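*Asks:* Input structure: final14.tsv, which contains TSV, N, CA and C atoms.
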```
chain	number	residue	atom	x	y	z
A	9	MET	N	-36.06	4.54	84.91
A	9	MET	CA	-36.11	4.50	86.36
A	9	MET	C	-37.52	4.12	86.79
A	10	ASP	N	-37.63	3.28	87.81
A	10	ASP	CA	-38.92	2.83	88.30
A	10	ASP	C	-39.63	3.96	89.04
A	11	ASP	N	-40.95	3.91	89.01
A	11	ASP	CA	-41.76	4.86	89.75
A	11	ASP	C	-42.11	4.22	91.08
A	12	PRO	N	-41.57	4.74	92.20
A	12	PRO	CA	-41.80	4.10	93.50
A	12	PRO	C	-43.26	4.07	93.91
A	13	LEU	N	-44.09	4.96	93.38
A	13	LEU	CA	-45.51	4.94	93.73
A	13	LEU	C	-46.27	3.86	92.99
A	14	ARG	N	-45.73	3.38	91.89
A	14	ARG	CA	-46.41	2.35	91.10
A	14	ARG	C	-45.81	0.96	91.29
A	15	ASP	N	-44.72	0.86	92.04
A	15	ASP	CA	-44.04	-0.42	92.25
A	15	ASP	C	-44.79	-1.34	93.19
A	16	ARG	N	-45.75	-0.81	93.94
A	16	ARG	CA	-46.55	-1.58	94.90
A	16	ARG	C	-45.67	-2.25	95.94
A	17	ARG	N	-44.69	-1.50	96.40
A	17	ARG	CA	-43.83	-2.00	97.48
A	17	ARG	C	-44.50	-1.74	98.82
A	18	PRO	N	-44.31	-2.62	99.78
A	18	PRO	CA	-44.91	-2.42	101.11
A	18	PRO	C	-44.33	-1.15	101.76
A	19	PRO	N	-45.13	-0.46	102.58
A	19	PRO	CA	-44.66	0.75	103.25
A	19	PRO	C	-43.38	0.52	104.05
A	20	CYS	N	-43.20	-0.68	104.63
A	20	CYS	CA	-41.98	-0.97	105.40
A	20	CYS	C	-40.73	-0.84	104.52
A	21	ASP	N	-40.82	-1.34	103.29
A	21	ASP	CA	-39.67	-1.25	102.38
A	21	ASP	C	-39.34	0.20	102.07
A	22	LEU	N	-40.36	1.01	101.83
A	22	LEU	CA	-40.14	2.43	101.53
A	22	LEU	C	-39.58	3.14	102.75
A	23	ALA	N	-40.07	2.79	103.95
A	23	ALA	CA	-39.58	3.42	105.18
A	23	ALA	C	-38.14	3.02	105.47
A	24	GLU	N	-37.83	1.75	105.28
A	24	GLU	CA	-36.45	1.29	105.53
A	24	GLU	C	-35.46	2.00	104.61
A	25	GLY	N	-35.87	2.27	103.39
A	25	GLY	CA	-35.00	2.96	102.44
A	25	GLY	C	-35.07	4.47	102.54
A	26	GLN	N	-35.86	4.99	103.52
A	26	GLN	CA	-36.03	6.43	103.67
A	26	GLN	C	-36.38	7.09	102.33
A	27	GLN	N	-37.27	6.43	101.59
A	27	GLN	CA	-37.66	6.87	100.24
A	27	GLN	C	-38.30	8.26	100.28
A	28	VAL	N	-37.84	9.14	99.40
A	28	VAL	CA	-38.43	10.47	99.23
A	28	VAL	C	-38.87	10.58	97.78
A	29	ILE	N	-40.12	10.95	97.58
A	29	ILE	CA	-40.67	11.10	96.24
A	29	ILE	C	-41.05	12.56	96.06
A	30	GLU	N	-40.42	13.22	95.09
A	30	GLU	CA	-40.71	14.63	94.83
A	30	GLU	C	-41.86	14.75	93.84
A	31	ILE	N	-42.68	15.76	94.05
A	31	ILE	CA	-43.84	15.99	93.20
A	31	ILE	C	-43.68	17.35	92.54
A	32	LEU	N	-43.82	17.38	91.22
A	32	LEU	CA	-43.88	18.62	90.46
A	32	LEU	C	-44.90	18.39	89.36
A	33	GLU	N	-46.11	18.84	89.60
A	33	GLU	CA	-47.22	18.63	88.68
A	33	GLU	C	-47.95	19.95	88.49
A	34	GLU	N	-48.97	19.91	87.64
A	34	GLU	CA	-49.85	21.05	87.45
A	34	GLU	C	-51.18	20.75	88.15
A	35	ILE	N	-51.91	21.80	88.51
A	35	ILE	CA	-53.20	21.62	89.18
A	35	ILE	C	-54.09	20.68	88.39
A	36	GLY	N	-54.07	20.76	87.08
A	36	GLY	CA	-54.91	19.92	86.24
A	36	GLY	C	-54.68	18.43	86.42
A	37	ALA	N	-53.51	18.04	86.94
A	37	ALA	CA	-53.21	16.62	87.17
A	37	ALA	C	-53.91	16.08	88.41
A	38	PHE	N	-54.42	16.97	89.26
A	38	PHE	CA	-55.12	16.58	90.48
A	38	PHE	C	-56.62	16.79	90.24
A	39	THR	N	-57.28	15.74	89.81
A	39	THR	CA	-58.66	15.82	89.33
A	39	THR	C	-59.60	16.46	90.34
A	40	GLN	N	-59.58	15.99	91.57
A	40	GLN	CA	-60.52	16.52	92.57
A	40	GLN	C	-60.22	17.98	92.90
A	41	LEU	N	-58.97	18.33	93.02
A	41	LEU	CA	-58.60	19.72	93.28
A	41	LEU	C	-59.05	20.61	92.12
A	42	ALA	N	-58.80	20.16	90.89
A	42	ALA	CA	-59.21	20.93	89.71
A	42	ALA	C	-60.73	21.10	89.66
A	43	GLU	N	-61.48	20.08	90.04
A	43	GLU	CA	-62.95	20.18	90.05
A	43	GLU	C	-63.43	21.21	91.06
A	44	VAL	N	-62.81	21.26	92.23
A	44	VAL	CA	-63.19	22.23	93.26
A	44	VAL	C	-62.90	23.65	92.76
A	45	ILE	N	-61.70	23.84	92.19
A	45	ILE	CA	-61.33	25.17	91.69
A	45	ILE	C	-62.25	25.58	90.54
A	46	GLU	N	-62.51	24.66	89.63
A	46	GLU	CA	-63.39	24.95	88.50
A	46	GLU	C	-64.79	25.36	88.98
A	47	GLY	N	-65.30	24.67	89.99
A	47	GLY	CA	-66.60	25.02	90.55
A	47	GLY	C	-66.60	26.42	91.15
A	48	ASP	N	-65.52	26.77	91.83
A	48	ASP	CA	-65.42	28.10	92.43
A	48	ASP	C	-65.33	29.17	91.34
A	49	LEU	N	-64.50	28.93	90.33
A	49	LEU	CA	-64.31	29.91	89.25
A	49	LEU	C	-65.55	30.05	88.37
A	50	SER	N	-66.43	29.07	88.40
A	50	SER	CA	-67.62	29.14	87.56
A	50	SER	C	-68.56	30.28	87.97
A	51	ALA	N	-68.35	30.84	89.15
A	51	ALA	CA	-69.15	31.99	89.60
A	51	ALA	C	-68.77	33.25	88.84
A	52	LEU	N	-67.65	33.24	88.13
A	52	LEU	CA	-67.18	34.41	87.39
A	52	LEU	C	-67.69	34.40	85.95
A	53	ASP	N	-67.75	35.58	85.34
A	53	ASP	CA	-68.01	35.66	83.90
A	53	ASP	C	-66.84	34.99	83.20
A	54	SER	N	-67.10	34.35	82.08
A	54	SER	CA	-66.05	33.58	81.39
A	54	SER	C	-64.81	34.40	81.06
A	55	GLY	N	-64.96	35.68	80.79
A	55	GLY	CA	-63.81	36.53	80.46
A	55	GLY	C	-62.92	36.84	81.65
A	56	ARG	N	-63.39	36.57	82.86
A	56	ARG	CA	-62.60	36.86	84.07
A	56	ARG	C	-61.94	35.63	84.66
A	57	ILE	N	-62.21	34.47	84.10
A	57	ILE	CA	-61.58	33.23	84.58
A	57	ILE	C	-60.15	33.17	84.04
A	58	PRO	N	-59.16	32.99	84.91
A	58	PRO	CA	-57.78	32.89	84.43
A	58	PRO	C	-57.64	31.74	83.43
A	59	ALA	N	-57.10	32.04	82.26
A	59	ALA	CA	-57.03	31.06	81.17
A	59	ALA	C	-56.11	29.88	81.50
A	60	ASP	N	-55.07	30.12	82.24
A	60	ASP	CA	-54.05	29.08	82.45
A	60	ASP	C	-54.04	28.52	83.87
A	61	TRP	N	-55.17	28.58	84.57
A	61	TRP	CA	-55.16	28.16	85.97
A	61	TRP	C	-54.84	26.68	86.14
A	62	ARG	N	-55.18	25.85	85.16
A	62	ARG	CA	-54.89	24.41	85.27
A	62	ARG	C	-53.38	24.12	85.19
A	63	GLU	N	-52.60	25.06	84.66
A	63	GLU	CA	-51.16	24.87	84.53
A	63	GLU	C	-50.37	25.37	85.74
A	64	LEU	N	-51.05	25.94	86.73
A	64	LEU	CA	-50.33	26.41	87.91
A	64	LEU	C	-49.67	25.22	88.62
A	65	PRO	N	-48.48	25.43	89.17
A	65	PRO	CA	-47.72	24.31	89.75
A	65	PRO	C	-48.22	23.85	91.11
A	66	VAL	N	-48.08	22.55	91.32
A	66	VAL	CA	-48.25	21.92	92.63
A	66	VAL	C	-46.92	21.22	92.88
A	67	THR	N	-46.26	21.57	93.98
A	67	THR	CA	-44.97	20.95	94.31
A	67	THR	C	-45.05	20.32	95.69
A	68	GLY	N	-44.17	19.40	95.94
A	68	GLY	CA	-44.12	18.79	97.26
A	68	GLY	C	-43.29	17.54	97.29
A	69	GLU	N	-43.42	16.82	98.39
A	69	GLU	CA	-42.71	15.56	98.50
A	69	GLU	C	-43.41	14.64	99.49
A	70	LEU	N	-43.19	13.38	99.26
A	70	LEU	CA	-43.63	12.31	100.16
A	70	LEU	C	-42.35	11.72	100.75
A	71	ALA	N	-42.23	11.74	102.06
A	71	ALA	CA	-41.03	11.22	102.72
A	71	ALA	C	-41.43	10.06	103.63
A	72	PHE	N	-40.91	8.88	103.34
A	72	PHE	CA	-41.22	7.68	104.12
A	72	PHE	C	-40.18	7.51	105.22
A	73	GLY	N	-40.62	7.04	106.34
A	73	GLY	CA	-39.75	6.78	107.48
A	73	GLY	C	-40.52	5.96	108.49
A	74	PHE	N	-40.10	6.04	109.74
A	74	PHE	CA	-40.77	5.31	110.81
A	74	PHE	C	-41.26	6.28	111.88
A	75	ALA	N	-42.40	5.96	112.49
A	75	ALA	CA	-42.93	6.74	113.61
A	75	ALA	C	-42.40	6.14	114.90
A	76	GLY	N	-41.93	6.95	115.79
A	76	GLY	CA	-41.44	6.46	117.07
A	76	GLY	C	-40.01	5.99	117.02
A	77	ALA	N	-39.49	5.68	118.18
A	77	ALA	CA	-38.08	5.31	118.30
A	77	ALA	C	-37.80	3.85	117.95
A	78	GLN	N	-38.81	2.99	117.93
A	78	GLN	CA	-38.59	1.57	117.72
A	78	GLN	C	-38.53	1.17	116.24
A	79	ASP	N	-38.79	2.10	115.33
A	79	ASP	CA	-38.82	1.80	113.89
A	79	ASP	C	-39.75	0.63	113.57
A	80	ALA	N	-40.91	0.61	114.24
A	80	ALA	CA	-41.84	-0.49	114.04
A	80	ALA	C	-43.03	-0.12	113.16
A	81	VAL	N	-43.38	1.16	113.12
A	81	VAL	CA	-44.55	1.59	112.37
A	81	VAL	C	-44.12	2.51	111.23
A	82	PRO	N	-44.29	2.07	109.97
A	82	PRO	CA	-43.94	2.94	108.86
A	82	PRO	C	-44.81	4.19	108.87
A	83	ALA	N	-44.21	5.32	108.49
A	83	ALA	CA	-44.94	6.58	108.50
A	83	ALA	C	-44.64	7.36	107.22
A	84	LEU	N	-45.51	8.29	106.92
A	84	LEU	CA	-45.38	9.09	105.73
A	84	LEU	C	-45.54	10.55	106.10
A	85	GLU	N	-44.55	11.38	105.72
A	85	GLU	CA	-44.64	12.82	105.91
A	85	GLU	C	-44.93	13.43	104.54
A	86	ILE	N	-46.00	14.21	104.47
A	86	ILE	CA	-46.45	14.77	103.20
A	86	ILE	C	-46.33	16.28	103.25
A	87	SER	N	-45.80	16.85	102.19
A	87	SER	CA	-45.74	18.31	102.09
A	87	SER	C	-46.11	18.69	100.66
A	88	LEU	N	-47.14	19.52	100.51
A	88	LEU	CA	-47.59	20.00	99.20
A	88	LEU	C	-47.79	21.50	99.25
A	89	THR	N	-47.42	22.18	98.18
A	89	THR	CA	-47.61	23.62	98.08
A	89	THR	C	-48.21	23.92	96.72
A	90	ALA	N	-49.22	24.81	96.71
A	90	ALA	CA	-49.87	25.16	95.45
A	90	ALA	C	-50.34	26.60	95.48
A	91	MET	N	-50.33	27.25	94.32
A	91	MET	CA	-50.97	28.55	94.13
A	91	MET	C	-52.38	28.23	93.64
A	92	VAL	N	-53.40	28.67	94.38
A	92	VAL	CA	-54.77	28.28	94.07
A	92	VAL	C	-55.61	29.50	93.70
A	93	PRO	N	-56.16	29.52	92.47
A	93	PRO	CA	-57.07	30.60	92.10
A	93	PRO	C	-58.43	30.38	92.76
A	94	ALA	N	-59.07	31.46	93.16
A	94	ALA	CA	-60.35	31.35	93.86
A	94	ALA	C	-61.18	32.60	93.60
A	95	VAL	N	-62.38	32.60	94.14
A	95	VAL	CA	-63.29	33.74	94.03
A	95	VAL	C	-63.67	34.17	95.44
A	96	CYS	N	-63.49	35.45	95.74
A	96	CYS	CA	-63.87	35.99	97.03
A	96	CYS	C	-65.40	35.90	97.15
A	97	GLN	N	-65.87	35.27	98.19
A	97	GLN	CA	-67.31	35.08	98.36
A	97	GLN	C	-68.02	36.35	98.85
A	98	ARG	N	-67.25	37.36	99.25
A	98	ARG	CA	-67.85	38.61	99.68
A	98	ARG	C	-68.03	39.56	98.50
A	99	CYS	N	-66.95	39.76	97.70
A	99	CYS	CA	-67.01	40.73	96.60
A	99	CYS	C	-67.10	40.08	95.22
A	100	MET	N	-67.01	38.74	95.16
A	100	MET	CA	-67.09	37.98	93.91
A	100	MET	C	-66.00	38.37	92.90
A	101	GLN	N	-64.83	38.74	93.41
A	101	GLN	CA	-63.68	39.07	92.57
A	101	GLN	C	-62.69	37.90	92.60
A	102	PRO	N	-62.04	37.64	91.46
A	102	PRO	CA	-61.03	36.56	91.46
A	102	PRO	C	-59.78	36.99	92.23
A	103	PHE	N	-59.14	36.02	92.86
A	103	PHE	CA	-57.86	36.26	93.52
A	103	PHE	C	-57.11	34.94	93.55
A	104	GLU	N	-55.85	35.00	93.94
A	104	GLU	CA	-55.02	33.80	94.01
A	104	GLU	C	-54.41	33.72	95.39
A	105	PHE	N	-54.63	32.57	96.06
A	105	PHE	CA	-53.95	32.36	97.33
A	105	PHE	C	-52.46	32.39	97.04
A	106	ASP	N	-51.69	33.12	97.86
A	106	ASP	CA	-50.25	33.19	97.62
A	106	ASP	C	-49.62	31.81	97.60
A	107	SER	N	-49.95	31.03	98.58
A	107	SER	CA	-49.42	29.69	98.66
A	107	SER	C	-50.21	28.93	99.70
A	108	ILE	N	-50.59	27.72	99.37
A	108	ILE	CA	-51.30	26.87	100.34
A	108	ILE	C	-50.39	25.68	100.63
A	109	ASP	N	-50.04	25.53	101.88
A	109	ASP	CA	-49.22	24.40	102.31
A	109	ASP	C	-50.13	23.36	102.95
A	110	VAL	N	-50.01	22.15	102.50
A	110	VAL	CA	-50.83	21.06	103.03
A	110	VAL	C	-49.91	20.02	103.66
A	111	GLY	N	-50.13	19.73	104.91
A	111	GLY	CA	-49.43	18.63	105.57
A	111	GLY	C	-48.00	18.89	105.95
A	112	ARG	N	-47.56	20.11	105.97
A	112	ARG	CA	-46.17	20.38	106.31
A	112	ARG	C	-45.87	19.88	107.72
A	113	ASP	N	-44.77	19.17	107.86
A	113	ASP	CA	-44.32	18.64	109.15
A	113	ASP	C	-45.37	17.77	109.83
A	114	ARG	N	-46.10	17.03	109.05
A	114	ARG	CA	-47.12	16.14	109.62
A	114	ARG	C	-46.76	14.71	109.23
A	115	THR	N	-46.66	13.85	110.19
A	115	THR	CA	-46.31	12.46	109.95
A	115	THR	C	-47.53	11.59	110.23
A	116	THR	N	-47.87	10.73	109.28
A	116	THR	CA	-49.02	9.84	109.42
A	116	THR	C	-48.53	8.40	109.46
A	117	PRO	N	-48.72	7.70	110.59
A	117	PRO	CA	-48.35	6.29	110.64
A	117	PRO	C	-49.26	5.48	109.72
A	118	PHE	N	-48.69	4.52	109.01
A	118	PHE	CA	-49.48	3.69	108.11
A	118	PHE	C	-50.48	2.84	108.88
A	119	ALA	N	-50.24	2.59	110.14
A	119	ALA	CA	-51.20	1.80	110.93
A	119	ALA	C	-52.55	2.50	111.00
A	120	SER	N	-52.56	3.84	110.85
A	120	SER	CA	-53.82	4.57	110.92
A	120	SER	C	-54.47	4.69	109.54
A	121	LEU	N	-53.80	4.24	108.51
A	121	LEU	CA	-54.34	4.26	107.15
A	121	LEU	C	-54.74	2.85	106.78
A	122	ARG	N	-55.97	2.49	106.99
A	122	ARG	CA	-56.41	1.11	106.85
A	122	ARG	C	-57.01	0.78	105.49
A	123	ALA	N	-56.73	1.56	104.44
A	123	ALA	CA	-57.26	1.25	103.11
A	123	ALA	C	-56.51	0.05	102.55
A	124	PRO	N	-57.22	-0.96	102.04
A	124	PRO	CA	-56.54	-2.12	101.47
A	124	PRO	C	-55.81	-1.77	100.18
A	125	MET	N	-54.68	-2.43	99.95
A	125	MET	CA	-53.90	-2.20	98.75
A	125	MET	C	-54.39	-3.13	97.64
A	126	ASP	N	-54.66	-2.57	96.48
A	126	ASP	CA	-55.12	-3.36	95.33
A	126	ASP	C	-53.95	-4.16	94.79
A	127	ASP	N	-54.03	-5.47	94.85
A	127	ASP	CA	-52.92	-6.30	94.38
A	127	ASP	C	-53.18	-6.87	93.00
A	128	GLY	N	-54.19	-6.36	92.31
A	128	GLY	CA	-54.46	-6.77	90.93
A	128	GLY	C	-55.25	-8.06	90.81
A	129	LYS	N	-55.73	-8.61	91.91
A	129	LYS	CA	-56.49	-9.87	91.85
A	129	LYS	C	-57.95	-9.62	91.68
```
Can I see the file as structure tokens?
*Replies:*
Amino acid sequence: MDDPLRDRRPPCDLAEGQQVIEILEEIGAFTQLAEVIEGDLSALDSGRIPADWRELPVTGELAFGFAGAQDAVPALEISLTAMVPAVCQRCMQPFEFDSIDVGRDRTTPFASLRAPMDDGK
């Protein structure tokens, strides 16, 4: 099966097909997120750092559609949930956020995302 994120299809095609891409990864697969968490956990003694924090799940979905009633502007709704280990900056004790939701019910029109697409040239 093709990976819709790697097919380099235009956002309009994904929106017309109401494409939904489900995400089930581990924190370690998200390099920047893992670096932030690692930096935070580095304040702890090595014996207090959770051994398996990189394997904690990140779940979510990318849902393509259109913004507005005219179906003229492709849009992307993003929803991500993760359990994030952290260090309390007051008492310096480790803890885990129960759940962090990012972008729930938020639609971003592609017209506002002006990053050029790499076409391999």
*Asks:* In Å, with one decimal, what is the gap from CA of Leu84 in chain A to CA of Arg17 in chain A?
*Replies:*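 CA of Arg17 in chain A lies at a distance of 13.9 Å from CA of Leu84 in chain A.
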*Asks:* Please provide as a list in words all residues within 5 Å of Gln27 in chain A, with the sequence filter that same-chain residues fewer than 2 positions apart are discarded (counting all atoms listed in the file).
*Replies:*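 Everything that qualifies: Leu22, Gly25, Ile29, Ala71 and Phe72 of chain A.
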*Asks:* Would you save the residues of that selection, restricted to N, CA and C atoms, as a compact mmCIF listing (two decimals), in the coordinates of the input?
*Replies:*
```txt
# COMPACT_ATOMS: atom_id res chain seq x y z
N LEU A 22 -40.36 1.01 101.83
CA LEU A 22 -40.14 2.43 101.53
C LEU A 22 -39.58 3.14 102.75
N GLY A 25 -35.87 2.27 103.39
CA GLY A 25 -35.00 2.96 102.44
C GLY A 25 -35.07 4.47 102.54
N ILE A 29 -40.12 10.95 97.58
CA ILE A 29 -40.67 11.10 96.24
C ILE A 29 -41.05 12.56 96.06
N ALA A 71 -42.23 11.74 102.06
CA ALA A 71 -41.03 11.22 102.72
C ALA A 71 -41.43 10.06 103.63
N PHE A 72 -40.91 8.88 103.34
CA PHE A 72 -41.22 7.68 104.12
C PHE A 72 -40.18 7.51 105.22
```
*Asks:* Can you work out the spacing between atom C of Ala77 in chain A and atom N of Asp21 in chain A in Å, to one decimal?
*Replies:* 15.8 Å
*Asks:* What's around Ile35 in chain A at 6.5 Å? Count only N, CA and C atoms, leave out sequence neighbours fewer than 4 positions away in its own chain, and write the answer as a PyMOL selection string.
*Replies:* chain A and resi 39+41-42+61-66
*Asks:* I'd like the contact shell of Pro102 in chain A - 8 Å cut-off, all atoms listed in the file, skipping same-chain residues fewer than 6 positions apart - returned as a list in words.
*Replies:*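 The contact residues come out as Leu49, Leu52, Arg56, Ile57, Pro58, Pro93, Ala94, Val95 and Cys96 of chain A.
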*Asks:* Please save N, CA and C atoms of the selected residues as a PDB file, in the coordinates of the input.
*Replies:*
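Heads up, here's the output in part-v1.pdb:
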```
ATOM      1  N   LEU A  49     -64.500  28.930  90.330  1.00  0.00           N
ATOM      2  CA  LEU A  49     -64.310  29.910  89.250  1.00  0.00           C
ATOM      3  C   LEU A  49     -65.550  30.050  88.370  1.00  0.00           C
ATOM      4  N   LEU A  52     -67.650  33.240  88.130  1.00  0.00           N
ATOM      5  CA  LEU A  52     -67.180  34.410  87.390  1.00  0.00           C
ATOM      6  C   LEU A  52     -67.690  34.400  85.950  1.00  0.00           C
ATOM      7  N   ARG A  56     -63.390  36.570  82.860  1.00  0.00           N
ATOM      8  CA  ARG A  56     -62.600  36.860  84.070  1.00  0.00           C
ATOM      9  C   ARG A  56     -61.940  35.630  84.660  1.00  0.00           C
ATOM     10  N   ILE A  57     -62.210  34.470  84.100  1.00  0.00           N
ATOM     11  CA  ILE A  57     -61.580  33.230  84.580  1.00  0.00           C
ATOM     12  C   ILE A  57     -60.150  33.170  84.040  1.00  0.00           C
ATOM     13  N   PRO A  58     -59.160  32.990  84.910  1.00  0.00           N
ATOM     14  CA  PRO A  58     -57.780  32.890  84.430  1.00  0.00           C
ATOM     15  C   PRO A  58     -57.640  31.740  83.430  1.00  0.00           C
ATOM     16  N   PRO A  93     -56.160  29.520  92.470  1.00  0.00           N
ATOM     17  CA  PRO A  93     -57.070  30.600  92.100  1.00  0.00           C
ATOM     18  C   PRO A  93     -58.430  30.380  92.760  1.00  0.00           C
ATOM     19  N   ALA A  94     -59.070  31.460  93.160  1.00  0.00           N
ATOM     20  CA  ALA A  94     -60.350  31.350  93.860  1.00  0.00           C
ATOM     21  C   ALA A  94     -61.180  32.600  93.600  1.00  0.00           C
ATOM     22  N   VAL A  95     -62.380  32.600  94.140  1.00  0.00           N
ATOM     23  CA  VAL A  95     -63.290  33.740  94.030  1.00  0.00           C
ATOM     24  C   VAL A  95     -63.670  34.170  95.440  1.00  0.00           C
ATOM     25  N   CYS A  96     -63.490  35.450  95.740  1.00  0.00           N
ATOM     26  CA  CYS A  96     -63.870  35.990  97.030  1.00  0.00           C
ATOM     27  C   CYS A  96     -65.400  35.900  97.150  1.00  0.00           C
TER      28      CYS A  96
END
```
*Asks:* Tell me, in Å to one decimal, how far CA of Glu43 in chain A is from CA of Glu69 in chain A.
*Replies:*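 Value for the CA of Glu43 in chain A-CA of Glu69 in chain A distance: 22.4 Å.
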*Asks:* Nearest residue to Ser87 in chain A out of A:Gly68, A:Cys20, A:Val44, A:Asp53, using all atoms listed in the file?
*Replies:*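 The closest residue to Ser87 in chain A is A:Gly68.
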